[in-house]
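One structure is given below, encoded as structure tokens.
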Amino acid sequence: MIAQIYVDDIVFGGMSDTIVKHFVSQIQTEFEMSMVGELTYFLGLQIKQMEDFTFLTQSKYAKNIVNKFGMDNASHKRTPAPTHQNLSKDEGGISVDQSLYRSMIGSLIYLTASRPDIAFAVGVCARYQAGTKVSHLNQVKRILKYVNGTSDYGILYTIGSDPVLTGYCDADWVGCFFLSNNLISWFSKKQNCVSLSTAEAEYIAAGSSCSQLVWMKQMLTAYNVP
């Protein structure tokens with residue numbers, strides 16, 4: 001087995017050079033490996049590391065998918081979806097190529113790895129990969145127009161002095177979690193059960209978020225982060 005090791009402060013948590021060298025020597029006893037330097041690019045994710053912050057973006061990947069689907073010359077949109085997005089099955093609408101639609105959805109889902117701002121809009125569109133209509137395709141194209149104008153967007157991670165774990169949730173939109181000021185987790189999906197009232201839907205969302213927070217707290221404790 002061949003291993004490639006990236007010297008990355010995110011992974012090593014700011015370890016000293018001595019500890020890093022010791023780690024490398026231990027790994028070399030088990031695997032054939034090479035040192036490739038500081039991590040800058042991995043699976044479409046671009047990483048820029050500075051002394052006080054780390055910036056993650058998928059700008060190159062974003063531009064590639066915009067070009068792939070022929071939206072590079074389209075007008076830019078300021079938001080990924082209308083203020084009141086109201087997609088439906090649109091059973092009376094004109095059908096479109098489902099394989100193309102699924103390819104667009106799959107590309108956008110991977111982009112949400114660094115773009116939580118499109119998570120909700122992409123999640124809604126992903127519900128209509130069967131029986132795809134023109135109205136669904138037009139909404140996905142709008143997301144791509146938004147991405148085309150915001151391809152350099154990403155996530156900034158800074159050194160936090162107080163590791164406070166904070167979660168936000170909403171039954172209609174998304175859930176997200178911060179460690180200090182840094183966004184570490186986000187999701188947007190339909191609830192697993194049917195609610196009989198809006199109050200019940202909010203309780204379900206809050207319960208799901210609390211489960212996620214408890215799991216994160218346990219993970220941080222394992223990493224000796226109080």
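Ligands are numbered from 1 in the order shown, chains are lettered A, B, ... in the order of the structure tokens, and residues start at 1 in each chain.
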Checklist entry - So which residues of segment 24-225 of chain A fall under strand (DSSP E or B) by DSSP, listed as a PyMOL selection string? => result chain A and resi 32-38+41-42+45-49+53-57+95+133+154-158+165-169+175-179+182-187
Next on the checklist: Could you go through segment 122-173 of chain A and tell me which residues DSSP, when run on the backbone, assigns to alpha helix (DSSP H), listing them as JSON, numbers by chain?
Outcome noted: {"A": [122, 123, 124, 125, 134, 135, 136, 137, 138, 139, 140, 141, 142, 143, 144, 145, 146, 147, 148, 149]}
Checklist entry - Could you pull the residues within 10 Å of Asp170 of chain A, counting only C-alpha atoms, minus those fewer than 5 positions along the same chain, as a VMD selection string? => result chain A and resid 175 to 176 188 201 to 206 209
I need the residues from that last selection saved to file as an mmCIF file, in the first residue's frame (with N, CA and C atoms), if you can.
data_model
loop_
_atom_site.group_PDB
_atom_site.id
_atom_site.type_symbol
_atom_site.label_atom_id
_atom_site.label_comp_id
_atom_site.auth_asym_id
_atom_site.auth_seq_id
_atom_site.Cartn_x
_atom_site.Cartn_y
_atom_site.Cartn_z
ATOM 1 N N GLY A 175 -30.259 23.107 8.986
ATOM 2 C CA GLY A 175 -29.617 23.086 10.292
ATOM 3 C C GLY A 175 -28.134 23.287 10.090
ATOM 4 N N CYS A 176 -27.490 23.992 11.019
ATOM 5 C CA CYS A 176 -26.048 24.204 10.902
ATOM 6 C C CYS A 176 -25.445 24.288 12.302
ATOM 7 N N SER A 188 -29.626 19.972 4.893
ATOM 8 C CA SER A 188 -30.980 20.380 4.537
ATOM 9 C C SER A 188 -31.688 19.166 3.971
ATOM 10 N N ALA A 201 -43.512 19.995 14.067
ATOM 11 C CA ALA A 201 -42.402 20.004 13.112
ATOM 12 C C ALA A 201 -41.178 20.691 13.715
ATOM 13 N N GLU A 202 -41.409 21.759 14.469
ATOM 14 C CA GLU A 202 -40.299 22.460 15.115
ATOM 15 C C GLU A 202 -39.659 21.594 16.207
ATOM 16 N N TYR A 203 -40.480 20.861 16.948
ATOM 17 C CA TYR A 203 -39.943 19.975 17.980
ATOM 18 C C TYR A 203 -39.089 18.872 17.352
ATOM 19 N N ILE A 204 -39.540 18.330 16.226
ATOM 20 C CA ILE A 204 -38.782 17.275 15.539
ATOM 21 C C ILE A 204 -37.436 17.822 15.075
ATOM 22 N N ALA A 205 -37.440 19.026 14.515
ATOM 23 C CA ALA A 205 -36.194 19.648 14.053
ATOM 24 C C ALA A 205 -35.248 19.900 15.221
ATOM 25 N N ALA A 206 -35.804 20.386 16.339
ATOM 26 C CA ALA A 206 -34.975 20.649 17.514
ATOM 27 C C ALA A 206 -34.396 19.357 18.082
ATOM 28 N N SER A 209 -31.531 18.156 15.910
ATOM 29 C CA SER A 209 -30.346 18.988 16.111
ATOM 30 C C SER A 209 -29.666 18.665 17.437
#
Item to check | Spatial neighbours of segment 137-142 of chain A, max dist 8 Å, only C-alpha atoms, sep filter under 2 positions, as a ChimeraX atom specification | outcome: /A:71,77,80-81,96,101,104-105,122,125,132-135,144-146
Please build the interface table for segment 6-73 of chain A against segment 177-184 of chain A with a cut-off of 12 Å, listing for each qualifying residue the nearest atom pair and the distance in Å to one decimal; count only C-alpha atoms, order rows by chain and increasing number, and write it as JSON lines.
{"residue": "A:Phe53", "atom": "CA", "partner": "A:Asn182", "partner_atom": "CA", "distance": 10.5}
{"residue": "A:Thr54", "atom": "CA", "partner": "A:Asn182", "partner_atom": "CA", "distance": 10.5}
{"residue": "A:Phe55", "atom": "CA", "partner": "A:Asn182", "partner_atom": "CA", "distance": 11.1}
{"residue": "A:Leu56", "atom": "CA", "partner": "A:Leu183", "partner_atom": "CA", "distance": 11.4}
With N, CA and C atoms retained, could you export that selection as a short mmCIF file (atom, residue, chain, number, x, y, z; two decimals), in the first residue's frame?
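Written file, part-v6.cif:
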data_model
loop_
_atom_site.label_atom_id
_atom_site.label_comp_id
_atom_site.auth_asym_id
_atom_site.auth_seq_id
_atom_site.Cartn_x
_atom_site.Cartn_y
_atom_site.Cartn_z
N PHE A 53 -5.65 31.79 9.53
CA PHE A 53 -6.90 31.26 9.00
C PHE A 53 -6.63 30.23 7.90
N THR A 54 -7.67 29.47 7.61
CA THR A 54 -7.65 28.52 6.50
C THR A 54 -8.91 28.74 5.68
N PHE A 55 -8.76 28.84 4.37
CA PHE A 55 -9.91 29.11 3.49
C PHE A 55 -10.13 27.91 2.57
N LEU A 56 -11.34 27.37 2.60
CA LEU A 56 -11.71 26.24 1.76
C LEU A 56 -12.67 26.70 0.67
#
Checklist entry - Which neighbours of Leu111 of chain A fall inside 9 Å, counting only C-alpha atoms, when residues of the same chain fewer than 4 positions from it are skipped, and could you give them as a list in words? => result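 Non-adjacent residues within range: Gln58, Tyr61, Ala62, Gly106, Ser107, Arg115, Pro116, Ile118 and Ala119 of chain A.
Interatomic distance, atom CA of Arg102 of chain A to atom CA of Gly70 of chain A: 15.6 Å.
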